[in-house]
Amino acid sequence: MLTLGIETSCDETAAAVVRGPGEAGVELLSSVVASQDDLHAHFGGIVPEVASRRHIEMIMPVVGEALQRAQAEWDDLSAIAVTVGPGLIGSLVVGVAAAKGLAIARGLPLVGVHHLEGHIYSAAIDSTLTFPSVVLIASGGHSHLVLMREHGEYEVLGRTLDDAPGEAFDKGARLLGLPYPGGPALAELADSSAGRVDPLPRARLPGSLDFSFSGVKTALARLVKEQELDAEGRARAAAAYQESIALSLAERAIEAAEESGYLPIVAVGGVACNRRLRALLAAKAEEAGLPVIFPDTKLCTDNGAMVAAAGAHKFGHAGADSLDLDCAANLQLRSWPRAEQD
Ligand code: KG4
Ligand code: ZN
């Protein structure tokens with residue numbers, strides 16, 4: 001069984017083909033990501049109208065390339081999965097319209113995927129999810145801790161109260177005069193600093209597994225404004241900022257895993273590419289005796305493979321969606337309805 005996955009929720013036009021799921025998860029046959037970073041760098045951030053126009057130009061070439069690289073024909077496919085939200089509505093609508101048109105033209109079942117379940121299922125590519133587990137989703141738009149007892153069963157344990165961690169990285173980068181996309185640039189600057197740095201103050205929300213990153217952003221803004229930072233000073237400021245965000249995410253993830261019964265942790269989303277977060281979370285998990293899983297960094301940032309993986313699992317458990325399927329900018333994460341025989 002081959003599934004085509006389409007992702008256009010933000011500024012990446014992406015498509016991929018996966019086989020399965022089998023005993024070792026889904027097998028990745030191809031993954032094509034057309035990044036719009038260069039296009040938006042000029043504006044210092046994503047311009048939604050510019051993003052939609054580029055998706056329209058790229059969607060069919062990207063889908064064609066994904067099939068070609070997988071050496072798959074349309075007749076080899078069993079389903080088409082597409083991200084239906086949350087995201088930029090003008091971007092989502094391009095992917096959903098393409099997926100629907102292709103499903104009708106090729107007589108294929110259509111499966112709508114929530115962007116966050118896409119990120120979660122990036123850990124099911126050439127690997128399997130273990131249940132129960134706690135998933136930390138840290139991306140540009142989201143910061144969620146989710147307890148999963150089964151495929152497609154999501155219990156949100158905590159979420160950000162303000163900025164998402166990727167957003168915090170991007171805003172911090174802007175304060176430090178770094179180019180868009182800011183996360184990787186800030187991380188690189190932070191990693192160039194010499195010696196250990198203390199984290200900037202981080203929010204403590206006693207009795208809650210929620211996150212908040214607006215305070216650390218204010219602390220960095222004050223630091224940049226009040227001090228004439230030389231090159232090493234900027235690198236140390238970046239490192240102190242990164243340390244604060246990474247610690248918040250790692251500490252909260254460990255707390256969630258311990259409180260839920262000492263469960264394994266899965267860390268996904270663009271910010272899960274961050275080397276310092278990976279090191280901190282791995283060290284803290286080892287201390288607590290908890291397994292921690294990180295997908296390959298290529299699968300952490302937005303891509304079509306994670307959507308195909310989630311869609312392939314969802315199709316097996318909950319069946320296809322109807323052609324009335326719509327997209328929504330603020331879609332909530334919901335557990336899958338179970339097919340009759342479940
Ligand atoms: O998951 P993703 O590709 O898109 C969303 O769903 O939002 O995440 C993109 C976010 C951006 O904010 C980007 O700056 C951040 O992930 N990011 C990083 C790193 N790589 C990407 N943040 C910190 N360190 C990184 N190495
Ligand atoms: Zn994402």
# chains A, B, ... in the order shown; residues from 1 in each chain; ligands from 1
>>> select_by_dssp(residues="region 88-204 of chain A", states="helix (DSSP H, G or I)", output="PyMOL selection string")
chain A and resi 89-106+115-124+165-175+182-191
>>> residues_around(residues="Arg234 (chain A)", least_positions_apart="3", cutoff="9 Å", atoms="only C-alpha atoms", output="number ranges by chain")
A: 176, 189-190, 193, 224, 229-231, 237-239
>>> write_last_selection(atoms="all heavy atoms", output="mmCIF file, in the first residue's frame")
data_model
loop_
_atom_site.group_PDB
_atom_site.id
_atom_site.type_symbol
_atom_site.label_atom_id
_atom_site.label_comp_id
_atom_site.auth_asym_id
_atom_site.auth_seq_id
_atom_site.Cartn_x
_atom_site.Cartn_y
_atom_site.Cartn_z
ATOM 1 N N LEU A 176 18.460 39.962 17.403
ATOM 2 C CA LEU A 176 19.920 39.903 17.296
ATOM 3 C C LEU A 176 20.406 40.261 15.886
ATOM 4 O O LEU A 176 21.594 40.126 15.573
ATOM 5 C CB LEU A 176 20.420 38.510 17.685
ATOM 6 C CG LEU A 176 20.302 38.177 19.181
ATOM 7 C CD1 LEU A 176 20.424 36.672 19.419
ATOM 8 C CD2 LEU A 176 21.366 38.922 19.980
ATOM 9 N N LEU A 189 24.692 30.752 15.935
ATOM 10 C CA LEU A 189 25.386 31.802 16.679
ATOM 11 C C LEU A 189 25.609 31.353 18.128
ATOM 12 O O LEU A 189 26.703 31.507 18.685
ATOM 13 C CB LEU A 189 24.563 33.103 16.633
ATOM 14 C CG LEU A 189 25.141 34.296 17.389
ATOM 15 C CD1 LEU A 189 26.492 34.721 16.810
ATOM 16 C CD2 LEU A 189 24.169 35.491 17.357
ATOM 17 N N ALA A 190 24.553 30.759 18.730
ATOM 18 C CA ALA A 190 24.653 30.300 20.121
ATOM 19 C C ALA A 190 25.754 29.251 20.253
ATOM 20 O O ALA A 190 26.559 29.298 21.191
ATOM 21 C CB ALA A 190 23.309 29.726 20.567
ATOM 22 N N SER A 193 29.423 30.318 20.737
ATOM 23 C CA SER A 193 29.889 31.015 21.942
ATOM 24 C C SER A 193 30.803 30.100 22.762
ATOM 25 O O SER A 193 30.624 28.884 22.782
ATOM 26 C CB SER A 193 28.712 31.478 22.801
ATOM 27 O OG SER A 193 28.196 30.390 23.507
ATOM 28 N N VAL A 224 19.643 43.298 24.703
ATOM 29 C CA VAL A 224 20.157 43.856 23.442
ATOM 30 C C VAL A 224 20.096 45.385 23.471
ATOM 31 O O VAL A 224 20.992 46.060 22.972
ATOM 32 C CB VAL A 224 19.338 43.286 22.247
ATOM 33 C CG1 VAL A 224 19.673 44.007 20.950
ATOM 34 C CG2 VAL A 224 19.581 41.795 22.102
ATOM 35 N N LEU A 229 26.566 45.045 22.743
ATOM 36 C CA LEU A 229 27.142 43.702 22.674
ATOM 37 C C LEU A 229 28.176 43.603 21.558
ATOM 38 O O LEU A 229 27.892 43.995 20.419
ATOM 39 C CB LEU A 229 26.031 42.670 22.440
ATOM 40 C CG LEU A 229 24.960 42.537 23.537
ATOM 41 C CD1 LEU A 229 23.859 41.594 23.085
ATOM 42 C CD2 LEU A 229 25.581 42.038 24.838
ATOM 43 N N ASP A 230 29.363 43.078 21.897
ATOM 44 C CA ASP A 230 30.335 42.792 20.835
ATOM 45 C C ASP A 230 29.993 41.405 20.275
ATOM 46 O O ASP A 230 28.994 40.786 20.668
ATOM 47 C CB ASP A 230 31.767 42.861 21.382
ATOM 48 C CG ASP A 230 32.020 41.860 22.509
ATOM 49 O OD1 ASP A 230 31.116 41.022 22.757
ATOM 50 O OD2 ASP A 230 33.090 41.905 23.134
ATOM 51 N N ALA A 231 30.825 40.906 19.358
ATOM 52 C CA ALA A 231 30.503 39.635 18.680
ATOM 53 C C ALA A 231 30.329 38.504 19.695
ATOM 54 O O ALA A 231 29.362 37.734 19.632
ATOM 55 C CB ALA A 231 31.594 39.302 17.677
ATOM 56 N N ALA A 237 24.581 35.975 24.314
ATOM 57 C CA ALA A 237 23.158 36.307 24.483
ATOM 58 C C ALA A 237 22.292 35.266 23.757
ATOM 59 O O ALA A 237 21.279 34.797 24.290
ATOM 60 C CB ALA A 237 22.874 37.709 23.937
ATOM 61 N N ALA A 238 22.726 34.889 22.544
ATOM 62 C CA ALA A 238 21.994 33.868 21.779
ATOM 63 C C ALA A 238 21.990 32.542 22.542
ATOM 64 O O ALA A 238 20.961 31.848 22.621
ATOM 65 C CB ALA A 238 22.630 33.682 20.402
ATOM 66 N N ALA A 239 23.154 32.199 23.130
ATOM 67 C CA ALA A 239 23.263 30.930 23.863
ATOM 68 C C ALA A 239 22.384 30.942 25.111
ATOM 69 O O ALA A 239 21.734 29.939 25.442
ATOM 70 C CB ALA A 239 24.721 30.671 24.236
#
>>> closest_atom_pairs(of="chain A", to="ligand 1", cutoff="7 Å", atoms="only C-alpha atoms and all ligand atoms", output="CSV")
residue,atom,partner,partner_atom_place_in_ligand_line,distance
A:Ser139,CA,ligand 1,8 (O),4.0
A:Gly140,CA,ligand 1,7 (O),3.1
A:Gly141,CA,ligand 1,7 (O),4.2
A:His142,CA,ligand 1,7 (O),6.5
A:Gly166,CA,ligand 1,12 (O),3.3
A:Glu167,CA,ligand 1,12 (O),4.9
A:Phe169,CA,ligand 1,22 (N),5.7
A:Asp170,CA,ligand 1,14 (O),5.2
A:Pro181,CA,ligand 1,14 (O),5.4
A:Gly182,CA,ligand 1,14 (O),5.0
A:Gly183,CA,ligand 1,14 (O),3.2
A:Pro184,CA,ligand 1,25 (C),4.1
A:Ala187,CA,ligand 1,24 (N),5.1
A:Gly269,CA,ligand 1,1 (O),4.1
A:Gly270,CA,ligand 1,8 (O),3.4
A:Val271,CA,ligand 1,22 (N),4.1
A:Cys273,CA,ligand 1,26 (N),4.6
A:Asn274,CA,ligand 1,26 (N),3.7
A:Arg275,CA,ligand 1,26 (N),6.4
A:Cys300,CA,ligand 1,1 (O),6.1
A:Thr301,CA,ligand 1,3 (O),3.3
A:Asp302,CA,ligand 1,3 (O),4.0
>>> write_last_selection(atoms="all heavy atoms", output="short mmCIF file (atom, residue, chain, number, x, y, z; two decimals), in the first residue's frame")
data_model
loop_
_atom_site.label_atom_id
_atom_site.label_comp_id
_atom_site.auth_asym_id
_atom_site.auth_seq_id
_atom_site.Cartn_x
_atom_site.Cartn_y
_atom_site.Cartn_z
N SER A 139 7.40 23.50 17.39
CA SER A 139 7.57 23.97 16.02
C SER A 139 7.44 25.48 15.96
O SER A 139 7.41 26.16 16.99
CB SER A 139 6.54 23.29 15.11
OG SER A 139 5.27 23.86 15.32
N GLY A 140 7.33 26.01 14.75
CA GLY A 140 7.22 27.46 14.60
C GLY A 140 5.86 27.98 15.03
O GLY A 140 5.74 29.13 15.46
N GLY A 141 4.84 27.15 14.92
CA GLY A 141 3.50 27.60 15.27
C GLY A 141 2.94 26.93 16.52
O GLY A 141 1.89 27.34 17.02
N HIS A 142 3.63 25.90 17.04
CA HIS A 142 3.01 25.09 18.10
C HIS A 142 4.00 24.64 19.15
O HIS A 142 5.16 24.42 18.86
CB HIS A 142 2.35 23.84 17.50
CG HIS A 142 1.45 24.17 16.38
ND1 HIS A 142 0.16 24.56 16.59
CD2 HIS A 142 1.67 24.22 15.06
CE1 HIS A 142 -0.38 24.84 15.42
NE2 HIS A 142 0.49 24.64 14.48
N GLY A 166 9.49 27.90 18.20
CA GLY A 166 10.12 28.30 16.93
C GLY A 166 9.91 29.79 16.68
O GLY A 166 10.80 30.49 16.19
N GLU A 167 8.72 30.25 17.05
CA GLU A 167 8.41 31.67 16.92
C GLU A 167 9.35 32.47 17.83
O GLU A 167 9.87 33.51 17.44
CB GLU A 167 6.96 31.83 17.39
CG GLU A 167 6.25 33.07 17.00
CD GLU A 167 4.82 33.04 17.55
OE1 GLU A 167 4.38 32.02 18.14
OE2 GLU A 167 4.15 34.06 17.42
N PHE A 169 12.34 31.53 18.81
CA PHE A 169 13.66 31.51 18.17
C PHE A 169 13.71 32.55 17.05
O PHE A 169 14.68 33.29 16.92
CB PHE A 169 13.96 30.12 17.59
CG PHE A 169 14.73 29.22 18.53
CD1 PHE A 169 14.09 28.22 19.25
CD2 PHE A 169 16.10 29.38 18.69
CE1 PHE A 169 14.80 27.40 20.12
CE2 PHE A 169 16.82 28.57 19.56
CZ PHE A 169 16.17 27.58 20.28
N ASP A 170 12.66 32.60 16.24
CA ASP A 170 12.66 33.52 15.09
C ASP A 170 12.65 34.98 15.56
O ASP A 170 13.34 35.82 14.99
CB ASP A 170 11.44 33.23 14.18
CG ASP A 170 11.55 31.86 13.52
OD1 ASP A 170 12.66 31.33 13.43
OD2 ASP A 170 10.50 31.32 13.11
N PRO A 181 15.28 32.41 7.84
CA PRO A 181 14.58 31.94 9.04
C PRO A 181 15.51 31.93 10.23
O PRO A 181 16.64 31.43 10.16
CB PRO A 181 14.16 30.52 8.65
CG PRO A 181 15.14 30.08 7.61
CD PRO A 181 15.67 31.32 6.94
N GLY A 182 15.05 32.47 11.34
CA GLY A 182 15.91 32.79 12.45
C GLY A 182 16.37 31.63 13.31
O GLY A 182 17.47 31.68 13.88
N GLY A 183 15.55 30.59 13.45
CA GLY A 183 15.87 29.49 14.38
C GLY A 183 17.25 28.91 14.15
O GLY A 183 18.12 28.94 15.04
N PRO A 184 17.50 28.38 12.94
CA PRO A 184 18.82 27.78 12.69
C PRO A 184 19.95 28.81 12.82
O PRO A 184 21.02 28.47 13.31
CB PRO A 184 18.70 27.27 11.25
CG PRO A 184 17.24 27.14 10.98
CD PRO A 184 16.56 28.17 11.82
N ALA A 187 20.62 29.40 16.50
CA ALA A 187 21.27 28.20 17.07
C ALA A 187 22.75 28.17 16.69
O ALA A 187 23.61 27.85 17.52
CB ALA A 187 20.56 26.94 16.57
N GLY A 269 8.92 18.18 15.43
CA GLY A 269 8.71 19.59 15.03
C GLY A 269 10.03 20.26 14.74
O GLY A 269 11.10 19.78 15.14
N GLY A 270 9.97 21.40 14.04
CA GLY A 270 11.18 22.08 13.58
C GLY A 270 12.19 22.35 14.68
O GLY A 270 13.40 22.21 14.47
N VAL A 271 11.72 22.71 15.88
CA VAL A 271 12.65 23.06 16.96
C VAL A 271 13.35 21.79 17.51
O VAL A 271 14.41 21.89 18.13
CB VAL A 271 11.92 23.86 18.07
CG1 VAL A 271 12.84 24.19 19.23
CG2 VAL A 271 11.35 25.15 17.49
N CYS A 273 14.98 20.00 15.80
CA CYS A 273 16.28 19.96 15.09
C CYS A 273 17.37 20.56 15.96
O CYS A 273 18.56 20.35 15.71
CB CYS A 273 16.25 20.82 13.82
SG CYS A 273 15.17 20.22 12.55
N ASN A 274 16.98 21.36 16.95
CA ASN A 274 17.95 22.13 17.73
C ASN A 274 18.90 21.21 18.51
O ASN A 274 18.46 20.39 19.32
CB ASN A 274 17.19 23.08 18.68
CG ASN A 274 18.14 24.01 19.39
OD1 ASN A 274 18.63 23.70 20.47
ND2 ASN A 274 18.42 25.14 18.78
N ARG A 275 20.19 21.40 18.25
CA ARG A 275 21.18 20.49 18.84
C ARG A 275 21.19 20.57 20.36
O ARG A 275 21.32 19.56 21.06
CB ARG A 275 22.57 20.82 18.30
CG ARG A 275 22.78 20.37 16.88
CD ARG A 275 24.17 19.79 16.71
NE ARG A 275 25.19 20.77 17.03
CZ ARG A 275 25.77 21.56 16.13
NH1 ARG A 275 25.44 21.47 14.87
NH2 ARG A 275 26.70 22.41 16.49
N CYS A 300 11.89 16.51 10.87
CA CYS A 300 11.35 17.36 11.94
C CYS A 300 10.72 18.63 11.37
O CYS A 300 9.68 19.08 11.84
CB CYS A 300 12.44 17.71 12.95
SG CYS A 300 12.85 16.33 14.03
N THR A 301 11.37 19.26 10.38
CA THR A 301 10.77 20.44 9.77
C THR A 301 9.69 19.97 8.80
O THR A 301 9.64 18.79 8.43
CB THR A 301 11.83 21.28 9.03
OG1 THR A 301 12.62 20.40 8.24
CG2 THR A 301 12.74 22.01 9.99
N ASP A 302 8.82 20.90 8.38
CA ASP A 302 7.65 20.52 7.59
C ASP A 302 8.04 19.73 6.34
O ASP A 302 8.95 20.11 5.61
CB ASP A 302 6.87 21.78 7.18
CG ASP A 302 6.17 22.41 8.37
OD1 ASP A 302 6.16 21.79 9.45
OD2 ASP A 302 5.64 23.52 8.21
#
>>> residues_around(residues="region 200-205 of chain A", least_positions_apart="4", cutoff="8 Å", atoms="only C-alpha atoms", output="PDB file with all heavy atoms, in the first residue's frame")
ATOM      1  N   LEU A 209       1.565  21.986  32.945  1.00  0.00           N
ATOM      2  CA  LEU A 209       2.536  21.538  31.951  1.00  0.00           C
ATOM      3  C   LEU A 209       2.533  22.467  30.740  1.00  0.00           C
ATOM      4  O   LEU A 209       2.972  22.103  29.657  1.00  0.00           O
ATOM      5  CB  LEU A 209       2.222  20.096  31.532  1.00  0.00           C
ATOM      6  CG  LEU A 209       2.479  19.044  32.618  1.00  0.00           C
ATOM      7  CD1 LEU A 209       1.903  17.690  32.223  1.00  0.00           C
ATOM      8  CD2 LEU A 209       3.979  18.898  32.909  1.00  0.00           C
ATOM      9  N   ASP A 210       2.014  23.677  30.928  1.00  0.00           N
ATOM     10  CA  ASP A 210       1.998  24.661  29.851  1.00  0.00           C
ATOM     11  C   ASP A 210       3.364  25.349  29.723  1.00  0.00           C
ATOM     12  O   ASP A 210       4.197  25.273  30.627  1.00  0.00           O
ATOM     13  CB  ASP A 210       0.913  25.718  30.099  1.00  0.00           C
ATOM     14  CG  ASP A 210      -0.483  25.136  29.905  1.00  0.00           C
ATOM     15  OD1 ASP A 210      -0.610  24.160  29.146  1.00  0.00           O
ATOM     16  OD2 ASP A 210      -1.432  25.651  30.519  1.00  0.00           O
ATOM     17  N   PHE A 211       3.545  26.012  28.597  1.00  0.00           N
ATOM     18  CA  PHE A 211       4.779  26.747  28.326  1.00  0.00           C
ATOM     19  C   PHE A 211       4.474  28.234  28.154  1.00  0.00           C
ATOM     20  O   PHE A 211       3.356  28.606  27.804  1.00  0.00           O
ATOM     21  CB  PHE A 211       5.398  26.307  26.990  1.00  0.00           C
ATOM     22  CG  PHE A 211       5.663  24.849  26.865  1.00  0.00           C
ATOM     23  CD1 PHE A 211       4.704  23.999  26.335  1.00  0.00           C
ATOM     24  CD2 PHE A 211       6.887  24.324  27.229  1.00  0.00           C
ATOM     25  CE1 PHE A 211       4.956  22.647  26.183  1.00  0.00           C
ATOM     26  CE2 PHE A 211       7.158  22.977  27.087  1.00  0.00           C
ATOM     27  CZ  PHE A 211       6.186  22.135  26.562  1.00  0.00           C
ATOM     28  N   SER A 212       5.492  29.070  28.362  1.00  0.00           N
ATOM     29  CA  SER A 212       5.374  30.487  28.025  1.00  0.00           C
ATOM     30  C   SER A 212       6.759  30.975  27.614  1.00  0.00           C
ATOM     31  O   SER A 212       7.751  30.704  28.291  1.00  0.00           O
ATOM     32  CB  SER A 212       4.880  31.273  29.238  1.00  0.00           C
ATOM     33  OG  SER A 212       5.079  32.647  29.001  1.00  0.00           O
ATOM     34  N   PHE A 213       6.818  31.656  26.483  1.00  0.00           N
ATOM     35  CA  PHE A 213       8.114  32.135  25.986  1.00  0.00           C
ATOM     36  C   PHE A 213       8.155  33.639  25.808  1.00  0.00           C
ATOM     37  O   PHE A 213       9.115  34.170  25.258  1.00  0.00           O
ATOM     38  CB  PHE A 213       8.467  31.433  24.662  1.00  0.00           C
ATOM     39  CG  PHE A 213       8.598  29.941  24.793  1.00  0.00           C
ATOM     40  CD1 PHE A 213       7.606  29.091  24.332  1.00  0.00           C
ATOM     41  CD2 PHE A 213       9.715  29.381  25.403  1.00  0.00           C
ATOM     42  CE1 PHE A 213       7.721  27.714  24.461  1.00  0.00           C
ATOM     43  CE2 PHE A 213       9.843  28.012  25.545  1.00  0.00           C
ATOM     44  CZ  PHE A 213       8.842  27.175  25.077  1.00  0.00           C
ATOM     45  N   GLY A 215       8.259  35.947  28.191  1.00  0.00           N
ATOM     46  CA  GLY A 215       9.149  36.565  29.174  1.00  0.00           C
ATOM     47  C   GLY A 215      10.601  36.528  28.723  1.00  0.00           C
ATOM     48  O   GLY A 215      11.331  37.526  28.831  1.00  0.00           O
ATOM     49  N   VAL A 216      11.027  35.407  28.189  1.00  0.00           N
ATOM     50  CA  VAL A 216      12.435  35.285  27.781  1.00  0.00           C
ATOM     51  C   VAL A 216      12.726  36.207  26.594  1.00  0.00           C
ATOM     52  O   VAL A 216      13.823  36.762  26.462  1.00  0.00           O
ATOM     53  CB  VAL A 216      12.808  33.801  27.496  1.00  0.00           C
ATOM     54  CG1 VAL A 216      12.116  33.267  26.270  1.00  0.00           C
ATOM     55  CG2 VAL A 216      14.313  33.659  27.353  1.00  0.00           C
ATOM     56  N   ALA A 219      13.285  39.543  28.019  1.00  0.00           N
ATOM     57  CA  ALA A 219      14.611  39.588  28.662  1.00  0.00           C
ATOM     58  C   ALA A 219      15.701  39.801  27.607  1.00  0.00           C
ATOM     59  O   ALA A 219      16.633  40.588  27.802  1.00  0.00           O
ATOM     60  CB  ALA A 219      14.861  38.297  29.438  1.00  0.00           C
ATOM     61  N   LEU A 220      15.578  39.118  26.473  1.00  0.00           N
ATOM     62  CA  LEU A 220      16.579  39.285  25.412  1.00  0.00           C
ATOM     63  C   LEU A 220      16.496  40.695  24.822  1.00  0.00           C
ATOM     64  O   LEU A 220      17.527  41.333  24.581  1.00  0.00           O
ATOM     65  CB  LEU A 220      16.381  38.242  24.300  1.00  0.00           C
ATOM     66  CG  LEU A 220      17.378  38.342  23.149  1.00  0.00           C
ATOM     67  CD1 LEU A 220      18.801  37.982  23.601  1.00  0.00           C
ATOM     68  CD2 LEU A 220      16.988  37.431  21.974  1.00  0.00           C
ATOM     69  N   ALA A 240      22.338  32.095  25.822  1.00  0.00           N
ATOM     70  CA  ALA A 240      21.519  32.189  27.037  1.00  0.00           C
ATOM     71  C   ALA A 240      20.029  32.092  26.694  1.00  0.00           C
ATOM     72  O   ALA A 240      19.234  31.507  27.436  1.00  0.00           O
ATOM     73  CB  ALA A 240      21.817  33.519  27.744  1.00  0.00           C
ATOM     74  N   TYR A 241      19.684  32.648  25.557  1.00  0.00           N
ATOM     75  CA  TYR A 241      18.297  32.607  25.078  1.00  0.00           C
ATOM     76  C   TYR A 241      17.917  31.176  24.676  1.00  0.00           C
ATOM     77  O   TYR A 241      16.894  30.639  25.094  1.00  0.00           O
ATOM     78  CB  TYR A 241      18.198  33.559  23.882  1.00  0.00           C
ATOM     79  CG  TYR A 241      16.812  33.812  23.354  1.00  0.00           C
ATOM     80  CD1 TYR A 241      15.890  34.548  24.089  1.00  0.00           C
ATOM     81  CD2 TYR A 241      16.427  33.348  22.096  1.00  0.00           C
ATOM     82  CE1 TYR A 241      14.625  34.808  23.594  1.00  0.00           C
ATOM     83  CE2 TYR A 241      15.164  33.607  21.588  1.00  0.00           C
ATOM     84  CZ  TYR A 241      14.263  34.341  22.341  1.00  0.00           C
ATOM     85  OH  TYR A 241      13.014  34.597  21.843  1.00  0.00           O
ATOM     86  N   GLU A 243      19.354  28.462  25.625  1.00  0.00           N
ATOM     87  CA  GLU A 243      19.385  27.608  26.817  1.00  0.00           C
ATOM     88  C   GLU A 243      18.048  27.689  27.562  1.00  0.00           C
ATOM     89  O   GLU A 243      17.523  26.676  28.034  1.00  0.00           O
ATOM     90  CB  GLU A 243      20.531  28.065  27.729  1.00  0.00           C
ATOM     91  CG  GLU A 243      20.876  27.109  28.855  1.00  0.00           C
ATOM     92  CD  GLU A 243      21.588  25.850  28.364  1.00  0.00           C
ATOM     93  OE1 GLU A 243      21.917  25.745  27.166  1.00  0.00           O
ATOM     94  OE2 GLU A 243      21.784  24.933  29.198  1.00  0.00           O
ATOM     95  N   SER A 244      17.505  28.888  27.660  1.00  0.00           N
ATOM     96  CA  SER A 244      16.246  29.076  28.376  1.00  0.00           C
ATOM     97  C   SER A 244      15.097  28.337  27.670  1.00  0.00           C
ATOM     98  O   SER A 244      14.310  27.635  28.311  1.00  0.00           O
ATOM     99  CB  SER A 244      15.938  30.578  28.478  1.00  0.00           C
ATOM    100  OG  SER A 244      14.646  30.774  28.970  1.00  0.00           O
ATOM    101  N   ILE A 245      15.018  28.480  26.355  1.00  0.00           N
ATOM    102  CA  ILE A 245      13.939  27.812  25.598  1.00  0.00           C
ATOM    103  C   ILE A 245      14.114  26.293  25.667  1.00  0.00           C
ATOM    104  O   ILE A 245      13.159  25.554  25.937  1.00  0.00           O
ATOM    105  CB  ILE A 245      13.928  28.283  24.124  1.00  0.00           C
ATOM    106  CG1 ILE A 245      13.625  29.784  24.048  1.00  0.00           C
ATOM    107  CG2 ILE A 245      12.907  27.498  23.311  1.00  0.00           C
ATOM    108  CD1 ILE A 245      13.747  30.377  22.656  1.00  0.00           C
ATOM    109  N   SER A 248      13.199  24.969  29.155  1.00  0.00           N
ATOM    110  CA  SER A 248      11.744  24.959  29.363  1.00  0.00           C
ATOM    111  C   SER A 248      11.120  23.735  28.708  1.00  0.00           C
ATOM    112  O   SER A 248      10.301  23.036  29.311  1.00  0.00           O
ATOM    113  CB  SER A 248      11.073  26.187  28.720  1.00  0.00           C
ATOM    114  OG  SER A 248      11.387  27.336  29.403  1.00  0.00           O
TER     115      SER A 248
END
>>> residues_around(residues="Gly304 (chain A)", least_positions_apart="2", cutoff="6 Å", atoms="only C-alpha atoms", output="VMD selection string")
chain A and resid 5 to 7 14 to 16 306 to 307
>>> residues_around(residues="Ala81 (chain A)", least_positions_apart="3", cutoff="9 Å", atoms="only C-alpha atoms", output="PyMOL selection string")
chain A and resi 3-7+99+109-113+307-312+315
>>> atom_distance(atom1="CA of Val26 (chain A)", atom2="CA of His115 (chain A)")
17.8 Å
>>> closest_residue(among="A:Pro179, A:Pro337, A:Gly22, A:Pro132", to="Val266 (chain A)", atoms="only C-alpha atoms")
A:Pro132
>>> closest_residue(among="A:Glu57, A:Glu117, A:Glu49, A:Glu27", to="ligand 2", atoms="only C-alpha atoms and all ligand atoms")
A:Glu117
>>> closest_residue(among="A:Gly20, A:Leu263, A:Gly316, A:Leu333", to="Ala124 (chain A)", atoms="only C-alpha atoms")
A:Gly20
>>> atom_distance(atom1="CA of Ala221 (chain A)", atom2="CA of Arg278 (chain A)")
25.5 Å
>>> residues_around(residues="Ser133 (chain A)", least_positions_apart="2", cutoff="6 Å", atoms="only C-alpha atoms", output="number ranges by chain")
A: 131, 147-148, 263-265
>>> decode(residues="region 256-288 of chain A", atoms="C-alpha atoms", output="PDB file, in the first residue's frame")
ATOM      1  CA  ALA A 256       4.920  15.191  31.647  1.00  0.00           C
ATOM      2  CA  ALA A 257       6.517  11.789  31.032  1.00  0.00           C
ATOM      3  CA  GLU A 258       7.071  11.189  34.766  1.00  0.00           C
ATOM      4  CA  GLU A 259       3.576  12.333  35.751  1.00  0.00           C
ATOM      5  CA  SER A 260       2.011  10.113  33.087  1.00  0.00           C
ATOM      6  CA  GLY A 261       3.701   6.983  34.480  1.00  0.00           C
ATOM      7  CA  TYR A 262       7.348   7.224  33.386  1.00  0.00           C
ATOM      8  CA  LEU A 263       6.630   7.010  29.672  1.00  0.00           C
ATOM      9  CA  PRO A 264       8.971   7.244  26.690  1.00  0.00           C
ATOM     10  CA  ILE A 265       9.314  10.725  25.149  1.00  0.00           C
ATOM     11  CA  VAL A 266       9.136  11.508  21.437  1.00  0.00           C
ATOM     12  CA  ALA A 267      10.354  14.971  20.354  1.00  0.00           C
ATOM     13  CA  VAL A 268       9.209  16.311  16.966  1.00  0.00           C
ATOM     14  CA  GLY A 269       8.708  19.585  15.035  1.00  0.00           C
ATOM     15  CA  GLY A 270      11.181  22.083  13.582  1.00  0.00           C
ATOM     16  CA  VAL A 271      12.645  23.056  16.964  1.00  0.00           C
ATOM     17  CA  ALA A 272      13.446  19.369  17.617  1.00  0.00           C
ATOM     18  CA  CYS A 273      16.279  19.956  15.090  1.00  0.00           C
ATOM     19  CA  ASN A 274      17.952  22.129  17.725  1.00  0.00           C
ATOM     20  CA  ARG A 275      21.176  20.488  18.845  1.00  0.00           C
ATOM     21  CA  ARG A 276      21.123  21.968  22.353  1.00  0.00           C
ATOM     22  CA  LEU A 277      17.521  20.826  22.939  1.00  0.00           C
ATOM     23  CA  ARG A 278      18.426  17.322  21.748  1.00  0.00           C
ATOM     24  CA  ALA A 279      21.449  17.167  24.057  1.00  0.00           C
ATOM     25  CA  LEU A 280      19.611  18.566  27.096  1.00  0.00           C
ATOM     26  CA  LEU A 281      16.544  16.367  26.670  1.00  0.00           C
ATOM     27  CA  ALA A 282      18.660  13.271  26.055  1.00  0.00           C
ATOM     28  CA  ALA A 283      20.740  13.976  29.202  1.00  0.00           C
ATOM     29  CA  LYS A 284      17.703  14.678  31.401  1.00  0.00           C
ATOM     30  CA  ALA A 285      15.845  11.625  30.056  1.00  0.00           C
ATOM     31  CA  GLU A 286      18.843   9.419  30.753  1.00  0.00           C
ATOM     32  CA  GLU A 287      19.016  10.790  34.308  1.00  0.00           C
ATOM     33  CA  ALA A 288      15.319  10.001  34.775  1.00  0.00           C
TER      34      ALA A 288
END
